[in-house]
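What follows is one structure encoded as structure tokens, with my remarks underneath.
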Amino acid sequence: MTKKVFVSGCYDMLHSGHIAFFIEAASYGDLYVGLGSDKTIKSLKGRKTINTDKERLFMVQALKMVREAWINSGSGLMDFENEVRELKPDVFFVNEDGYTPDKLEFCRDLGIELIVSRRIPHEGLPTRSTTLLRHECLIPFRLDLAGGWLDQPFVSKYYPGSVITISLEPEIEFNDRSGMASSTRKKAIDLWQTDIPEGDAEKLARTLFCVENPPGTNYISGSQDSIGIVFPGVNNILYPKENYWPTNITSITDESTLSWIENHLYLINLSPRESGYDVLSGTAIDEPGARRLAEAADNVWQAITEKDLRGFGEGIRKSFEAQIAMFPNMVNPYIQEQIDFYKSECLGWKISGAGGGGYLVLIAEQPIKNGIRLKIRR
């Protein structure tokens, strides 16, 4: 009997990348497609879809390689659970940025084979994604590599230091509330619409920081977000004691260094942090902890400049350990379980941002299976 193959996603602004994905999935058997509802996509991406779920369903159902399609009844990253239990597919087919440890465990429990696509475009056609087709796609994201929290005066008052960030091309539409500066990026889109304008990078970053933190803001978002988005490459952002703005920003944009980072940095998709999550609960901020965080960030920067992979991984791991020593609520049993699963393959690890979820960031000598590869903005 022909195998049943299940895929799930948004499939907004249907394009050749979607079709190539469906063709590859259908090569394993009869293809069944579960679409995320408008409500689910809004909660995960922080934006509305271009096409409604009814329109998206109509288009997907019209494809000749699709046996059957529907709108998933659940919510969140696992909105398809009810439908999959009823369908009982043989194969669950996902893109590498759609892979999560939860999906792997879910498939193992139900005896379903999980197959991960490498997002290969159809021969002769360019790589396509919905993100790249949306008008705001040129505004970058930001990934904090080390030193995060030192851009907040309530931490830097104990010890000054650097935050190391990289600016990311928006080839992947990162989930909302996942530590990739998505809220700051939305402000950048409101401010500049399609791309970061020409001009003095620090002035532009200051403008974005002020737009995100108008007078009367109760919680000031750290300036590493606006700087990490505006400044290309990998950035060393040096914060003095008790100041929201750094004294110095040093950027590395040479191709050899950025390619070296890209070849050894991988993300694993975790669940976004929950609304109302309080990362400041149970904090234990002190001078020794802030000093360890600053020293680890310095070590990461030195390792990057020397292309020292082991030093790079160790510095990121020690930075993360310094973070969770002061902010223990950053890590929960689920996140720790994922770290334990991957750490034997890695030289260093952390989670994206400081919000207790989003993506597991791994530094590794060899490729991580199902890991997401990133493109640093040049």
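We name chains A, B, ... following the order of the structure tokens; residues begin at 1 in each chain, and ligands are numbered from 1 as shown.
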
Taking 5 positions as the minimum chain separation for residues in the same chain, which residues sit within 6 Å of region 20-36 of chain A when counting only C-alpha atoms? Answer as a list in words. Thr2, Lys3, Lys4, Val5, Phe6, Val7, Ser8, Gly9, Cys10, Val66, Arg67, Glu68, Ala69, Trp70, Ile71, Asn72 and His122 of chain A

Pro328 (chain A) environment, 10 Å, only C-alpha atoms, sequence neighbours closer than 5 positions dropped, as number ranges by chain: A: 279-284, 321-323, 356

Option closest in space to Phe141 (chain A), from A:Ser162, A:Ser75, A:Asn269, A:Ser183 [counting only C-alpha atoms]: A:Ser183

How far is it from CA of Asn82 (chain A) to CA of Ile268 (chain A), in Å with one decimal? 24.2 Å

Rounded to one decimal in Å, what is the spacing between CA of Tyr266 (chain A) and CA of Ala303 (chain A)?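 Atom-to-atom, CA of Tyr266 (chain A) to CA of Ala303 (chain A), that is 17.4 Å.
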
Nearest to Leu293 (chain A), restricted to only C-alpha atoms and choosing among A:Asp109, A:Asp151, A:Glu202, A:Asp225, comes out as A:Asp151

Closest of A:Ile229, A:Ile351, A:Met65, A:Ile252 to Met330 (chain A) - atom-to-atom distances counting only C-alpha atoms: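 Closest to Met330 (chain A), using only C-alpha atoms: A:Ile351.
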
Skipping near chain neighbours, those fewer than 3 positions away, what residues fall within 10 Å of Leu309 (chain A) using only C-alpha atoms, listed as a list in words?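 The contact residues come out as Trp260, Ile261, His264, Val300, Ala303, Ile304, Glu306, Phe312, Gly313, Glu314, Gly315, Leu347, Gly348, Ile363, Ala364 and Glu365 of chain A.
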
Looking at A:Phe106, A:Tyr342, A:Trp192, A:Phe80, which one is nearest to Asn370 (chain A), with distances taken over only C-alpha atoms?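 Among the listed residues, A:Tyr342 lies closest to Asn370 (chain A).
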
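The residue set within 12 Å of Tyr334 (chain A), counting only C-alpha atoms and dropping same-chain residues fewer than 3 places from it, reads Pro101, Asp102, Leu270, Ser271, Arg273, Met330, Val331, Glu337, Gln338, Ile339, Asp340, Phe341, Gly356, Gly357, Gly358 and Leu360 of chain A.
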
Check the smallest atom-to-atom distance from each of A:Glu287, A:Ile164, A:Ile189, A:Gly46 to Gln302 (chain A) using only C-alpha atoms, then report the winner. A:Ile164
